[in-house]
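Enquirer: So that you have it, the file is data05.txt, and it contains compact mmCIF, C-alpha atoms:
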# COMPACT_ATOMS: atom_id res chain seq x y z
CA MET O 279 48.89 -26.51 -168.28
CA ILE O 280 51.76 -24.67 -169.99
CA LYS O 281 54.53 -27.08 -171.04
CA LEU O 282 57.37 -24.94 -172.30
CA ALA O 283 60.94 -25.81 -173.28
CA VAL O 284 63.58 -23.08 -173.37
CA TYR O 285 66.39 -23.81 -175.83
CA GLY O 286 69.51 -21.84 -176.66
CA LYS O 287 73.22 -21.98 -177.25
CA GLY O 288 75.34 -22.89 -174.24
CA GLY O 289 76.29 -19.70 -172.39
CA ILE O 290 73.54 -17.59 -173.98
CA GLY O 291 71.76 -17.21 -170.64
CA LYS O 292 68.90 -19.65 -171.09
CA SER O 293 69.10 -20.84 -167.48
CA THR O 294 68.92 -17.22 -166.31
CA MET O 295 65.96 -16.64 -168.62
CA THR O 296 64.19 -19.83 -167.52
CA SER O 297 64.62 -19.27 -163.80
CA HIS O 298 63.41 -15.68 -164.12
CA LEU O 299 60.36 -16.85 -166.07
CA ALA O 300 59.68 -19.50 -163.41
CA ALA O 301 59.89 -16.81 -160.73
CA ALA O 302 57.52 -14.59 -162.72
CA PHE O 303 54.93 -17.37 -162.97
CA ALA O 304 55.32 -18.00 -159.24
CA LEU O 305 54.71 -14.32 -158.49
CA ARG O 306 51.51 -14.63 -160.52
CA GLY O 307 50.43 -17.33 -158.08
CA LYS O 308 51.08 -20.26 -160.40
CA LYS O 309 52.40 -23.68 -159.42
CA VAL O 310 55.63 -24.26 -161.33
CA VAL O 311 58.00 -27.15 -162.06
CA GLN O 312 61.41 -26.37 -163.58
CA ILE O 313 63.51 -29.21 -164.98
CA GLY O 314 67.11 -28.43 -165.91
CA CYS O 315 68.12 -30.59 -168.89
CA ASP O 316 71.79 -29.68 -169.07
CA PRO O 317 74.84 -31.60 -167.80
CA LYS O 318 76.00 -28.48 -165.91
CA ALA O 319 72.96 -28.87 -163.62
CA ASP O 320 72.85 -25.16 -162.78
CA SER O 321 69.41 -24.27 -164.13
CA THR O 322 67.67 -23.94 -160.78
CA SER O 323 70.42 -22.58 -158.50
CA ASN O 324 69.05 -19.03 -158.51
CA LEU O 325 65.67 -20.30 -157.36
CA LEU O 326 67.33 -22.18 -154.50
CA GLY O 327 69.38 -19.41 -152.93
CA GLY O 328 72.50 -20.68 -154.68
CA ARG O 329 72.11 -24.13 -153.12
CA GLU O 330 73.20 -27.02 -155.31
CA LEU O 331 70.61 -29.66 -156.12
CA VAL O 332 71.68 -33.30 -156.49
CA PRO O 333 71.16 -34.10 -160.20
CA VAL O 334 69.31 -37.29 -161.07
CA MET O 335 72.32 -38.73 -162.93
CA ASN O 336 74.59 -38.09 -159.93
CA TYR O 337 72.10 -39.86 -157.68
CA LEU O 338 72.01 -42.88 -159.98
CA ARG O 339 75.82 -43.08 -160.05
CA GLU O 340 76.05 -42.92 -156.26
CA HIS O 341 73.30 -45.45 -155.48
CA ASP O 342 72.58 -49.00 -156.56
CA GLU O 343 68.91 -48.29 -157.19
CA ASP O 344 66.56 -45.59 -158.42
CA PRO O 345 65.48 -42.89 -155.94
CA GLY O 346 62.75 -44.04 -153.61
CA SER O 347 60.91 -40.73 -153.62
CA LEU O 348 60.69 -37.51 -155.58
CA GLU O 349 62.03 -35.60 -152.57
CA GLU O 350 65.43 -37.28 -153.00
CA ILE O 351 65.96 -35.63 -156.40
CA SER O 352 64.07 -32.35 -156.07
CA ALA O 353 63.79 -29.23 -153.92
CA ARG O 354 61.39 -26.33 -153.46
CA GLY O 355 62.69 -22.94 -154.45
CA PHE O 356 61.48 -19.36 -154.63
CA GLY O 357 57.71 -19.12 -154.84
CA GLY O 358 57.36 -22.85 -154.27
CA VAL O 359 58.90 -23.75 -157.65
CA LEU O 360 59.70 -27.47 -157.72
CA CYS O 361 63.28 -27.78 -158.99
CA ILE O 362 64.80 -30.85 -160.67
CA GLU O 363 68.13 -31.27 -162.49
CA THR O 364 68.91 -34.14 -164.87
CA GLY O 365 72.68 -33.68 -164.77
CA GLY O 366 74.83 -35.75 -167.09
CA PRO O 367 77.29 -38.63 -167.33
CA THR O 368 80.82 -38.76 -166.00
CA PRO O 369 82.80 -36.33 -168.22
CA GLY O 370 84.11 -38.12 -171.30
CA VAL O 371 81.92 -41.17 -170.75
CA GLY O 372 78.41 -41.82 -172.01
CA CYS O 373 75.76 -39.56 -173.48
CA ALA O 374 74.25 -36.54 -171.76
CA GLY O 375 71.08 -36.84 -173.82
CA ARG O 376 70.46 -40.29 -172.42
CA GLY O 377 70.42 -38.73 -168.94
CA ILE O 378 67.40 -36.66 -169.96
CA ILE O 379 65.55 -39.77 -171.11
CA MET O 380 66.38 -41.64 -167.88
CA THR O 381 65.25 -38.69 -165.76
CA PHE O 382 61.96 -38.41 -167.62
CA GLN O 383 61.33 -42.12 -167.07
CA ILE O 384 61.90 -41.75 -163.33
CA LEU O 385 59.59 -38.71 -163.16
CA GLU O 386 56.95 -40.64 -165.06
CA ASP O 387 57.28 -43.52 -162.58
CA PHE O 388 56.73 -41.02 -159.75
CA HIS O 389 53.61 -39.68 -161.54
CA LEU O 390 55.11 -36.22 -161.13
CA LEU O 391 52.48 -34.21 -162.96
CA GLU O 392 49.49 -36.16 -161.65
CA LYS O 393 50.64 -35.59 -158.06
CA GLU O 394 52.03 -32.07 -158.41
CA LYS O 395 49.32 -30.77 -160.77
CA PRO O 396 51.39 -27.76 -161.86
CA ASP O 397 50.14 -24.83 -163.89
CA VAL O 398 53.49 -24.54 -165.67
CA VAL O 399 56.31 -26.97 -166.52
CA LEU O 400 59.55 -25.45 -167.79
CA PHE O 401 62.33 -27.46 -169.43
CA ASP O 402 65.71 -25.70 -169.65
CA VAL O 403 67.58 -27.47 -172.47
CA LEU O 404 71.06 -27.17 -173.95
CA GLY O 405 70.65 -26.19 -177.60
CA ASP O 406 74.06 -26.46 -179.22
CA VAL O 407 73.39 -30.06 -180.26
CA VAL O 408 69.80 -31.11 -180.85
CA CYS O 409 70.39 -34.87 -180.82
CA GLY O 410 67.72 -37.40 -179.91
CA GLY O 411 68.17 -37.00 -176.15
CA PHE O 412 68.24 -33.21 -176.10
CA ALA O 413 65.30 -33.18 -178.51
CA ALA O 414 63.24 -35.27 -176.07
CA PRO O 415 61.35 -32.28 -174.59
CA ILE O 416 60.18 -31.41 -178.12
CA ARG O 417 58.50 -34.75 -178.52
CA GLU O 418 54.79 -35.27 -177.95
CA GLY O 419 53.85 -35.45 -174.29
CA TYR O 420 56.68 -33.27 -172.98
CA ALA O 421 56.91 -29.62 -174.06
CA GLU O 422 54.17 -28.21 -176.25
CA LYS O 423 55.88 -24.90 -176.96
CA ILE O 424 59.48 -23.79 -177.47
CA LEU O 425 61.16 -20.50 -176.63
CA ILE O 426 64.49 -19.95 -178.36
CA VAL O 427 66.91 -17.71 -176.47
CA THR O 428 69.38 -15.80 -178.63
CA SER O 429 71.39 -12.62 -178.81
CA GLY O 430 72.63 -10.93 -181.97
CA GLU O 431 75.88 -12.90 -181.85
CA LYS O 432 76.67 -15.08 -184.85
CA MET O 433 76.96 -18.40 -183.04
CA ALA O 434 73.87 -17.75 -180.93
CA LEU O 435 71.85 -17.17 -184.09
CA TYR O 436 73.43 -20.24 -185.69
CA ALA O 437 72.28 -22.37 -182.75
CA ALA O 438 68.84 -20.73 -182.86
CA ASN O 439 68.53 -21.69 -186.51
CA ASN O 440 69.48 -25.30 -185.72
CA ILE O 441 66.88 -25.46 -182.97
CA ASN O 442 64.17 -23.99 -185.17
CA THR O 443 65.03 -26.45 -187.94
CA ALA O 444 64.84 -29.36 -185.51
CA VAL O 445 61.41 -28.28 -184.29
CA ASN O 446 60.18 -27.84 -187.86
CA ASN O 447 61.33 -31.38 -188.65
CA PHE O 448 58.89 -32.64 -186.02
CA GLU O 449 56.03 -30.43 -187.21
CA ASP O 450 54.18 -33.07 -189.21
CA ARG O 451 54.11 -35.36 -186.16
CA GLY O 452 52.11 -32.94 -184.03
CA TYR O 453 54.98 -32.19 -181.67
CA ALA O 454 55.89 -28.89 -180.05
CA LYS O 455 55.98 -25.61 -181.95
CA VAL O 456 58.22 -22.58 -181.58
CA GLU O 457 56.38 -19.94 -179.58
CA GLY O 458 58.93 -17.27 -180.42
CA ILE O 459 62.31 -15.71 -179.82
CA LEU O 460 63.49 -14.45 -176.45
CA LEU O 461 66.08 -11.78 -177.18
CA ASN O 462 68.70 -11.73 -174.43
CA ARG O 463 70.74 -8.69 -175.35
CA ARG O 464 74.55 -8.73 -175.33
CA ASN O 465 74.85 -5.21 -176.74
CA VAL O 466 76.52 -6.30 -179.97
CA GLU O 467 76.42 -4.01 -183.00
CA ASP O 468 73.02 -3.87 -184.76
CA GLU O 469 71.76 -6.55 -182.39
CA GLU O 470 68.05 -5.87 -182.63
CA GLN O 471 68.18 -5.67 -186.43
CA LYS O 472 70.04 -9.00 -186.70
CA VAL O 473 67.62 -10.82 -184.45
CA ARG O 474 64.57 -9.26 -186.11
CA GLU O 475 65.84 -10.29 -189.53
CA PHE O 476 66.33 -13.84 -188.30
CA ALA O 477 62.86 -13.90 -186.73
CA GLU O 478 61.14 -12.50 -189.83
CA LYS O 479 62.99 -14.88 -192.14
CA ASN O 480 61.71 -17.83 -190.10
CA GLY O 481 58.21 -16.49 -189.49
CA LEU O 482 58.84 -16.06 -185.77
CA GLU O 483 58.05 -13.32 -183.27
CA ILE O 484 60.29 -11.77 -180.64
CA VAL O 485 58.10 -12.42 -177.61
CA ALA O 486 60.37 -10.68 -175.09
CA ASP O 487 63.30 -8.28 -175.29
CA ILE O 488 65.51 -8.61 -172.21
CA PRO O 489 68.07 -5.82 -171.67
CA ARG O 490 71.56 -6.45 -170.38
CA SER O 491 71.46 -5.51 -166.71
CA LYS O 492 73.83 -5.37 -163.75
CA GLU O 493 70.82 -6.31 -161.61
CA VAL O 494 71.17 -9.91 -162.81
CA ASN O 495 74.75 -10.29 -161.59
CA ALA O 496 73.90 -8.66 -158.28
CA ALA O 497 70.96 -11.00 -157.76
CA GLU O 498 72.88 -14.10 -158.86
CA ASP O 499 75.65 -13.27 -156.39
CA GLN O 500 72.97 -13.89 -153.76
CA GLY O 501 71.71 -17.04 -155.50
CA LYS O 502 68.50 -15.28 -156.49
CA THR O 503 66.63 -13.91 -159.48
CA VAL O 504 65.89 -10.22 -159.94
CA LEU O 505 62.21 -11.03 -159.44
CA GLU O 506 63.08 -12.01 -155.89
CA THR O 507 65.49 -9.15 -155.11
CA ASP O 508 63.58 -6.39 -156.94
CA PRO O 509 60.17 -7.50 -158.24
CA ASP O 510 59.18 -3.92 -159.08
CA SER O 511 62.12 -3.26 -161.40
CA GLU O 512 61.83 -2.77 -165.17
CA PHE O 513 63.86 -5.95 -165.66
CA SER O 514 61.35 -7.95 -163.62
CA ALA O 515 58.49 -6.32 -165.50
CA ARG O 516 59.76 -7.84 -168.78
CA PHE O 517 59.41 -11.35 -167.39
CA LEU O 518 56.09 -10.67 -165.72
CA ALA O 519 54.79 -9.41 -169.07
CA LEU O 520 56.04 -12.58 -170.80
CA ALA O 521 54.41 -14.76 -168.15
CA ASP O 522 51.13 -12.86 -168.55
CA ARG O 523 51.29 -13.27 -172.32
CA LEU O 524 51.81 -17.02 -172.05
CA LEU O 525 49.05 -17.39 -169.45
CA GLU O 526 46.58 -15.43 -171.56
CA GLU O 527 47.42 -17.51 -174.61
CA GLU O 528 47.02 -20.73 -172.63
CA ALA O 529 43.59 -19.58 -171.40
CA ARG O 530 42.46 -18.90 -174.99
CA GLU O 531 43.77 -22.21 -176.30
CA LYS O 532 42.25 -24.18 -173.44
CA LYS O 533 38.77 -23.25 -174.61
CA ASP O 534 39.36 -24.97 -177.94
CA ARG O 535 41.37 -27.92 -176.63
CA PRO O 536 39.67 -31.33 -176.47
CA LEU O 537 39.40 -32.95 -173.06
CA GLU O 538 42.57 -34.87 -172.34
CA ASN O 539 44.84 -35.92 -169.51
CA GLU O 540 47.08 -32.86 -169.36
CA TYR O 541 48.93 -34.33 -166.41
CA SER O 542 50.44 -37.14 -168.46
CA PHE O 543 54.19 -36.56 -168.42
CA GLY O 544 54.90 -38.22 -171.75
CA ASN O 545 56.26 -41.40 -173.20
CA PRO O 546 59.95 -41.76 -172.32
CA GLY O 547 61.78 -43.98 -174.77
CA ASP O 548 64.99 -44.41 -176.67
CA CYS O 549 67.01 -41.24 -177.14
CA GLY O 550 66.92 -41.77 -180.88
CA GLY O 551 70.58 -41.76 -181.74
CA CYS O 552 72.57 -41.44 -178.52
CA ILE O 553 75.48 -43.72 -177.83
CA GLY O 554 77.33 -44.75 -174.69
Since I need it in another form, could you write the structure as structure tokens?

Expert:
Amino acid sequence: MIKLAVYGKGGIGKSTMTSHLAAAFALRGKKVVQIGCDPKADSTSNLLGGRELVPVMNYLREHDEDPGSLEEISARGFGGVLCIETGGPTPGVGCAGRGIIMTFQILEDFHLLEKEKPDVVLFDVLGDVVCGGFAAPIREGYAEKILIVTSGEKMALYAANNINTAVNNFEDRGYAKVEGILLNRRNVEDEEQKVREFAEKNGLEIVADIPRSKEVNAAEDQGKTVLETDPDSEFSARFLALADRLLEEEAREKKDRPLENEYSFGNPGDCGGCIG
């Protein structure tokens, strides 16, 4: 199973990148779970025809008890992708990272992976602040690989560096590793050169180069991804190629991997520094 977390600066387009990658895996016939780990709770909207999904944290605020079934906090989207949003606390109160931990605990209680048996699990995570809660997908048992979304903009690269540093700090514990950089172009001056210099300096590879495209806005206006509106386009081909790359790599690694319970969701615990 591919367990992949997509990190990036807020507003860099990581939710767009994640939902398009989920759609690409689905078009390859794979069973996919996408978990939005951002208080905005908009990660999965373009897989759901623009329909809003009730975030787990909203559900908990509106009810006196935990959800009684997975169906109460999830929905099926394009290609059968199972969509879940963690959401966040009431604005100005509490810690958004803690919401991720609470959601993971609930999903573990539902035995999500054992029952769903997905081929791919995608975590879409806010990357401006890599505190304990937002770092949860990096920890052992959640994501095994990280994609960092960036453009050539200064603050996007700054956030990318913070994310890479955070992942490297967990390296000696056997946690997730950075798979590479996903370049989401904003057409800034010398963009490719800036991102390549950052990647080379950190020993990383640009695994996909996504052009700026009006197709994205047109698709999102319909609550869809480009892979749904125009699967044969060049834009869609970039994500299909990335999905193929990740699937091929997973197949190679699986041969050398010891037998284990790959459907264990993880070990939800304290957010490691959150307050509120």

Enquirer: Ranking O:Ile351, O:Ala283, O:Ile426, O:Leu299 by minimum distance to Arg523 in chain O and counting only C-alpha atoms, which one comes first?

Expert: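 Residue with the minimum atom-to-atom distance to Arg523 in chain O: O:Leu299.
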
Enquirer: O:Leu425, O:Cys315, O:Ile459, O:Gly355: which is nearest Ala413 in chain O, counting all atoms listed in the file?

Expert: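 With all atoms listed in the file as the atom set, the closest residue is O:Cys315.
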
Enquirer: List as an NGL selection string the protein and nucleic acid residues near Glu470 in chain O, meaning an atom at most 10 Å away when all atoms listed in the file are counted, but skip any in the same chain fewer than 5 places from it.

Expert: :O and (429-430 or 461 or 463 or 465 or 475-476 or 484 or 487)

Enquirer: Would you mind listing what lies within 9 Å of Glu350 in chain O as a ChimeraX atom specification, with only C-alpha atoms counted and same-chain residues fewer than 4 positions away left out?

Expert: /O:332,334,337,345-346

Enquirer: Select, counting only C-alpha atoms, all protein, DNA and RNA residues no farther than 7 Å from (61.0, -25.4, -157.2) in file coordinates, and express the selection as a list in words.

Expert: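 Neighbouring residues, ordered by chain and number, come to Val310, Val311, Gln312, Leu325, Ala353, Arg354, Gly355, Phe356, Gly358, Val359, Leu360 and Cys361 of chain O.
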
Enquirer: Compare O:Phe382, O:Phe448, O:Phe517, O:Tyr285 by their minimum atom-to-atom distance to Ala304 in chain O, counting only C-alpha atoms, and give me the closest one.

Expert: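 Of the candidates, the smallest distance to Ala304 in chain O is held by O:Phe517.
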
Enquirer: Can you list every residue of range 297-381 of chain O that has an atom at most 7 Å from range 496-509 of chain O, with its nearest atom pair and the distance in Å to one decimal, using all atoms listed in the file, ordered by chain then number, as CSV?

Expert:
residue,atom,partner,partner_atom,distance
O:His298,CA,O:Thr503,CA,5.9
O:Ala301,CA,O:Leu505,CA,6.4
O:Ala302,CA,O:Leu505,CA,6.7
O:Ser323,CA,O:Gly501,CA,6.4
O:Asn324,CA,O:Lys502,CA,4.3
O:Leu325,CA,O:Lys502,CA,5.8
O:Leu326,CA,O:Gly501,CA,6.8
O:Gly327,CA,O:Gly501,CA,4.2
O:Gly328,CA,O:Gly501,CA,3.8

Enquirer: Could you tell me how far CA of Glu493 in chain O sits from CA of Ser511 in chain O, in Å to one decimal place?

Expert: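 A separation of 9.2 Å between them.
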
Enquirer: Between O:Lys455, O:Lys393, O:Arg530, O:Arg474, which has the minimum distance to Glu422 in chain O (counting only C-alpha atoms)?

Expert: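 Closest residue, counting only C-alpha atoms: O:Lys455.
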
Enquirer: Please put the answer as lines of an AutoDock Vina configuration file: centre and edge lengths, in Å with one decimal, of a box along x, y and z that encloses all listed atoms of range 488-499 of chain O plus 5 Å on each side.

Expert:
center_x = 70.6
center_y = -9.7
center_z = -164.3
size_x = 20.1
size_y = 18.7
size_z = 25.8

Enquirer: Measuring between only C-alpha atoms, which one of O:Asn446, O:Gly357, O:Asp342, O:Gly377 shows the shortest distance to Leu305 in chain O?

Expert: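 Closest residue, counting only C-alpha atoms: O:Gly357.
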
Enquirer: Between CA of Asp510 in chain O and CA of Val398 in chain O, what is the distance, to one decimal in Å?

Expert: 22.4 Å

Enquirer: Please report the interatomic distance between CA of Ser491 in chain O and CA of Lys292 in chain O in Å with one decimal.

Expert: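 We find that CA of Ser491 in chain O and CA of Lys292 in chain O lie 15.0 Å from each other.
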
Enquirer: Choose the residue, out of O:Ile488, O:Val473, O:Met380, O:Ala437, that has the smallest atom-to-atom separation from Leu338 in chain O; count only C-alpha atoms.

Expert: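 Checking each of O:Ile488, O:Val473, O:Met380, O:Ala437 against Leu338 in chain O, counting only C-alpha atoms, the winner is O:Met380.
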